[in-house]
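Engineer: What follows is a structure written as structure tokens; I'll ask about it next.
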Amino acid sequence: MSSFAGRMREYPTVSLDRFDRENLHAQAYFLSHCHKDHMKGLKGPLLKRKLQFSRTVRLYCSFVTKELLLNNPKYAFWEEYVVALELESPTQISLVDEASGEVEEVVVTLLPAGHCPGSVMFLFEGRQGNVLYTGDFRLAAGDASRMELLHSGSRVKDIQSVYLDSTFYDPRFYQIPSREVCLRGISELIGNWISQSSYHVVWLNCKAAYGYEYLFTNLGDEFGTQIHVNSLAMFKKMPEILSYVTTDRRTQIHACRHPKDEEFFQGNRLPCGCTAADGTPLRIISIKPSTMWFGERTKKTNVIIKTGSSSYRACFSFHSSYSEIKDFLSYLRPVNIVPSVVPIGRTLAEVTLRLMCRNRSDDAAITYKPLGVLKRSRVQRPAYGDTDTANYFDCTESNGEDDDDEEEEEEEGKGDTRTAEGGEDAPKWEDFFTTEPLSDSQNSQSHSCCSPSRETGSQTPDLFGDVEDQTPENLETFSLTMSASLSNHSSQNLDDTLILPQQNPNAKAEPEELPASPDFDIPSTPESKAPQPDDLLQLYRKLASGEEVVIRGGRGGGGGGPVEGQ
DNA sequence: GCGATCAGAT
DNA sequence: CACATCTGATCGC
């Protein structure tokens with residue numbers, strides 16, 4: 001869940017996806033997509049009042065987001081203040097201080113985010129450099145290289161900061177089957193069922209949120225049917241979706257919902273009723289889309305799991321996996337990465353610093369390399385959705401023997417052995433875990449405007465908090481605890497798990513056992529454990545001697561680039 | 001009575 | 001496991 005406070009360091013007079021608190025003073029608003037957790041404060045009376053007194057403040061979003069937003073009566077008052085922007089059309093926006101008359105110009109570009117209908121990323125280019133706010137996104141490996149406006153000529157634009165959807169920015173979520181693979185699994189399950197008789201129906205148990213429409217349209221095409229939903233109103237101006245949904249329940253594919261009675265239907269499922277028009281009992285299976293993930297080396301990857309006699313779980317993700325995020329960042333190589341999801345018990349400053357990439361050694365390498373080497377090759381590929389070769393199998397099935405497979409099987413996408421994007425100068429993933437201190441130039445931009453608060457996390461991360469006091473000691477300490485907490489997230493594939501010493505479960509009870517640091521707390525995660533002094537001592541010695549602290553299973557030691565084997 | 005916030009469930 | 005949302009309890013105005 002996003003905990004982004006709404007503002008970016010470089011352009012603090014604009015607010016994105018947050019509309020409360022400090023954001024009430026913004027000079028321009030941006031909404032990346034129409035999910036409630038990105039609309040906090042958007043229906044607030046305070047904001048409404050402010051708009052009535054302002055002549056310049058506007059809300060910018062995509063056309064689809066505007067449509068979805070205004071469709072909801074609670075946000076209808078935005079009508080006269082929303083400015084929809086075309087995708088991939090740089091637009092100059094004047095940020096006006098209405099008190100002083102000062103104006104700052106910034107060019108914003110909407111890039112498709114693949115998260116839900118209308119979802120976009122915002123690229124800002126202006127006096128304070130280029131920054132990319134990703135909103136929430138699901139992009140496949142290589143997608144960044146296909147976005148024209150992330151490039152200048154044949155080069156990637158120099159990005160100062162990426163404000164990142166870090167939902168699955170954790171090695172536990174190394175891979176999530178691609179959209180295409182998930183869709184194919186769901187299609188196969190549905191096809192096998194509804195072909196048996198016209199009384200065989202499926203219920204897609206979807207959450208109340210935009211983002212499943214992709215399923216509806218593809219399944220609609222595949223089976224030549226419409227999908228039963230509760231309302232068509234939000235799609236009335238979107239023929240591409242509208243034609244695939246219906247409020248007529250006489251169809252074999254349902255995504256209808258019944259907020260109250262769902263529990264009553266637990267045994268029997270379909271919210272709109274369990275008998276056909278002629279009174280015949282329907283034969284119902286339910287499919288619940290939910291996120292499934294697999295480790296780096298996992299090969300068995302069923303996207304459909306049977307959870308009961310007539311219920312299934314199907315893989316479906318709104319967010320990019322760890323390896324997809326990794327690919328994205330490796331390609332863009334921003335100076336700073338600011339995660340949108342801050343773990344409870346940590347400040348944004350800690351995590352931000354931790355994620356800084358382009359460390360000193362990288363910069364040195366860049367500085368001294370001939371220019372030609374800097375070019376990052378762009379991969380030209382056909383548009384989305386025209387191929388059923390799934391990324392997923394490209395990086396799993398190809399490199400090994402077949403394990404025994406289960407009931408729902410997918411065929412492998414073969415023959416599409418494209419090369420890894422990013423080129424040979426892509427940073428190794430380990431670079432992002434550096435314990436190096438900030439370079440001077442990075443440090444100098446870390447001005448604090450509020451005290452280094454230790455807010456419990458997710459709600460109001462401390463974007464403008466103190467980053468300056470991040471000493472090397474702090475970095476080391478943080479690195480240790482971060483890894484420690486990862487080691488407890490028992491991955492589905494232990495080989496991918498970072499292995500660290502066992503630790504004491506009573507972490508919170510014994511804070512004094514930790515090395516003194518004014519800016520550091522033990523994470524309060526229930527399953528996390530405090531390091532024992534002996535363990536810490538050993539780790540510090542290793543760190544001091546430059547030894548690798550993170551132990552990777554399999555693969556014969558370090559040095560493997562992030563894209564190897566793909 | 002409304003909004004904000006949190007716990008809990010799905 | 002996760003997400004995005006809804007409901008209901010509680011608190012403050």
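All residue names refer to the structure tokens as shown: chains lettered A, B, ... in order, residues numbered from 1 in each chain, ligands numbered from 1 in order.
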Enumerate as a VMD selection string all residues of region 90-173 of chain A assigned to helix (DSSP H, G or I) by DSSP on the backbone, naming them with the chain letters and numbers the document uses.
Structural biologist: chain A and resid 144 to 146 148 to 150 171 to 173
Engineer: Taking 6 positions as the minimum chain separation for residues in the same chain, which residues sit within 12 Å of DG12 (chain C) when counting only C-alpha atoms (C1' of nucleotides)? Answer as a short mmCIF file (atom, residue, chain, number, x, y, z; two decimals) with all heavy atoms, in the first residue's frame.
Structural biologist:
```
data_model
loop_
_atom_site.label_atom_id
_atom_site.label_comp_id
_atom_site.auth_asym_id
_atom_site.auth_seq_id
_atom_site.Cartn_x
_atom_site.Cartn_y
_atom_site.Cartn_z
P DC B 2 -24.41 12.91 8.54
OP1 DC B 2 -25.22 13.41 7.41
OP2 DC B 2 -24.44 11.48 8.90
"O5'" DC B 2 -22.90 13.33 8.31
"C5'" DC B 2 -22.53 14.71 8.33
"C4'" DC B 2 -21.05 14.80 8.58
"O4'" DC B 2 -20.81 14.55 9.98
"C3'" DC B 2 -20.22 13.80 7.77
"O3'" DC B 2 -19.35 14.48 6.90
"C2'" DC B 2 -19.47 12.99 8.82
"C1'" DC B 2 -19.60 13.83 10.09
N1 DC B 2 -19.67 13.01 11.33
C2 DC B 2 -18.76 13.25 12.37
O2 DC B 2 -17.92 14.15 12.22
N3 DC B 2 -18.82 12.51 13.50
C4 DC B 2 -19.75 11.56 13.62
N4 DC B 2 -19.77 10.85 14.75
C5 DC B 2 -20.69 11.28 12.58
C6 DC B 2 -20.61 12.03 11.45
P DG B 3 -18.51 13.65 5.86
OP1 DG B 3 -18.49 14.43 4.61
OP2 DG B 3 -18.98 12.26 5.88
"O5'" DG B 3 -17.05 13.68 6.51
"C5'" DG B 3 -16.54 14.90 7.03
"C4'" DG B 3 -15.27 14.62 7.81
"O4'" DG B 3 -15.63 14.04 9.10
"C3'" DG B 3 -14.32 13.63 7.13
"O3'" DG B 3 -13.01 14.14 7.21
"C2'" DG B 3 -14.49 12.35 7.94
"C1'" DG B 3 -14.84 12.88 9.32
N9 DG B 3 -15.62 11.97 10.15
C8 DG B 3 -16.78 11.31 9.80
N7 DG B 3 -17.25 10.56 10.75
C5 DG B 3 -16.35 10.72 11.79
C6 DG B 3 -16.33 10.13 13.08
O6 DG B 3 -17.14 9.35 13.58
N1 DG B 3 -15.23 10.56 13.82
C2 DG B 3 -14.27 11.44 13.37
N2 DG B 3 -13.27 11.72 14.22
N3 DG B 3 -14.27 11.98 12.16
C4 DG B 3 -15.33 11.58 11.43
P DA B 4 -11.84 13.44 6.39
OP1 DA B 4 -11.07 14.52 5.77
OP2 DA B 4 -12.41 12.35 5.58
"O5'" DA B 4 -10.97 12.79 7.55
"C5'" DA B 4 -10.55 13.59 8.65
"C4'" DA B 4 -9.96 12.71 9.72
"O4'" DA B 4 -11.02 11.99 10.41
"C3'" DA B 4 -8.99 11.65 9.19
"O3'" DA B 4 -7.81 11.65 9.97
"C2'" DA B 4 -9.77 10.34 9.32
"C1'" DA B 4 -10.68 10.63 10.51
N9 DA B 4 -11.92 9.87 10.51
C8 DA B 4 -12.84 9.78 9.49
N7 DA B 4 -13.87 9.02 9.78
C5 DA B 4 -13.62 8.59 11.08
C6 DA B 4 -14.35 7.76 11.96
N6 DA B 4 -15.52 7.20 11.64
N1 DA B 4 -13.81 7.53 13.18
C2 DA B 4 -12.63 8.10 13.50
N3 DA B 4 -11.86 8.90 12.74
C4 DA B 4 -12.42 9.11 11.54
P DT B 5 -6.58 10.78 9.54
OP1 DT B 5 -5.35 11.50 9.94
OP2 DT B 5 -6.78 10.36 8.14
"O5'" DT B 5 -6.70 9.49 10.47
"C5'" DT B 5 -6.92 9.66 11.87
"C4'" DT B 5 -7.12 8.30 12.51
"O4'" DT B 5 -8.50 7.90 12.38
"C3'" DT B 5 -6.28 7.19 11.88
"O3'" DT B 5 -5.55 6.52 12.89
"C2'" DT B 5 -7.31 6.27 11.24
"C1'" DT B 5 -8.52 6.52 12.12
N1 DT B 5 -9.82 6.21 11.49
C2 DT B 5 -10.76 5.50 12.21
O2 DT B 5 -10.55 5.11 13.35
N3 DT B 5 -11.94 5.26 11.57
C4 DT B 5 -12.28 5.66 10.28
O4 DT B 5 -13.37 5.38 9.80
C5 DT B 5 -11.26 6.40 9.57
C7 DT B 5 -11.54 6.86 8.17
C6 DT B 5 -10.11 6.64 10.20
#
```
Engineer: Excluding same-chain residues fewer than 4 positions from region 5-11 of chain C, what lies within 10 Å of it counting only C-alpha atoms (C1' of nucleotides), as an NGL selection string?
Structural biologist: (:A and (35-37 or 207-209 or 259-260)) or (:B and (4-10))
Engineer: What are the residues of chain A lining chain C at 12 Å or less? Count only C-alpha atoms (C1' of nucleotides), and put the answer as an NGL selection string.
Structural biologist: :A and (1-2 or 34-38 or 136 or 167-168 or 172-173 or 176 or 206-211 or 258-260 or 289-294 or 315-319 or 321 or 489-492)
Engineer: Which of these, A:Ser166, A:Gly191, A:Gly44, A:Cys182, has the shortest distance to chain B once you count only C-alpha atoms (C1' of nucleotides)?
Structural biologist: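 When distances to chain B are compared using only C-alpha atoms (C1' of nucleotides), the smallest one comes from A:Gly44.
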Engineer: Can you list every residue in region 195-272 of chain A that DSSP puts in strand (DSSP E), as number ranges by chain?
Structural biologist: A: 200-204, 227-228, 245-246, 253-254
Engineer: Mind dumping the selected residues with N, CA and C atoms as a PDB file, in the first residue's frame?
Structural biologist:
```
ATOM      1  N   HIS A 200     -22.833 -24.452 -16.966  1.00  0.00           N
ATOM      2  CA  HIS A 200     -21.533 -24.323 -16.296  1.00  0.00           C
ATOM      3  C   HIS A 200     -21.068 -22.869 -16.385  1.00  0.00           C
ATOM      4  N   VAL A 201     -20.930 -22.242 -15.230  1.00  0.00           N
ATOM      5  CA  VAL A 201     -20.513 -20.833 -15.219  1.00  0.00           C
ATOM      6  C   VAL A 201     -19.333 -20.659 -14.277  1.00  0.00           C
ATOM      7  N   VAL A 202     -18.586 -19.583 -14.518  1.00  0.00           N
ATOM      8  CA  VAL A 202     -17.473 -19.258 -13.627  1.00  0.00           C
ATOM      9  C   VAL A 202     -17.726 -17.889 -13.007  1.00  0.00           C
ATOM     10  N   TRP A 203     -17.304 -17.776 -11.775  1.00  0.00           N
ATOM     11  CA  TRP A 203     -17.366 -16.492 -11.093  1.00  0.00           C
ATOM     12  C   TRP A 203     -15.940 -16.020 -10.814  1.00  0.00           C
ATOM     13  N   LEU A 204     -15.592 -14.888 -11.406  1.00  0.00           N
ATOM     14  CA  LEU A 204     -14.304 -14.261 -11.114  1.00  0.00           C
ATOM     15  C   LEU A 204     -14.494 -13.405  -9.874  1.00  0.00           C
ATOM     16  N   ILE A 227     -18.986 -10.310 -19.991  1.00  0.00           N
ATOM     17  CA  ILE A 227     -18.798 -10.663 -18.580  1.00  0.00           C
ATOM     18  C   ILE A 227     -19.832  -9.901 -17.756  1.00  0.00           C
ATOM     19  N   HIS A 228     -20.479 -10.634 -16.881  1.00  0.00           N
ATOM     20  CA  HIS A 228     -21.503 -10.001 -16.054  1.00  0.00           C
ATOM     21  C   HIS A 228     -20.870  -9.203 -14.920  1.00  0.00           C
ATOM     22  N   VAL A 245     -18.567  -5.962 -21.228  1.00  0.00           N
ATOM     23  CA  VAL A 245     -19.262  -6.170 -19.955  1.00  0.00           C
ATOM     24  C   VAL A 245     -20.760  -6.006 -20.151  1.00  0.00           C
ATOM     25  N   THR A 246     -21.500  -6.619 -19.262  1.00  0.00           N
ATOM     26  CA  THR A 246     -22.958  -6.565 -19.371  1.00  0.00           C
ATOM     27  C   THR A 246     -23.569  -6.664 -17.982  1.00  0.00           C
ATOM     28  N   ILE A 253     -19.704 -16.178 -17.813  1.00  0.00           N
ATOM     29  CA  ILE A 253     -18.582 -15.610 -17.067  1.00  0.00           C
ATOM     30  C   ILE A 253     -19.073 -14.413 -16.262  1.00  0.00           C
ATOM     31  N   HIS A 254     -18.849 -14.480 -14.972  1.00  0.00           N
ATOM     32  CA  HIS A 254     -19.329 -13.440 -14.057  1.00  0.00           C
ATOM     33  C   HIS A 254     -18.178 -12.794 -13.301  1.00  0.00           C
TER      34      HIS A 254
END
```
Engineer: Would you mind telling me which residue in A:Glu10, A:Asp158, A:Glu180, A:Asp20 lies nearest to chain B when using only C-alpha atoms (C1' of nucleotides)?
Structural biologist: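 Between A:Glu10, A:Asp158, A:Glu180, A:Asp20, the residue approaching chain B most closely is A:Asp20.
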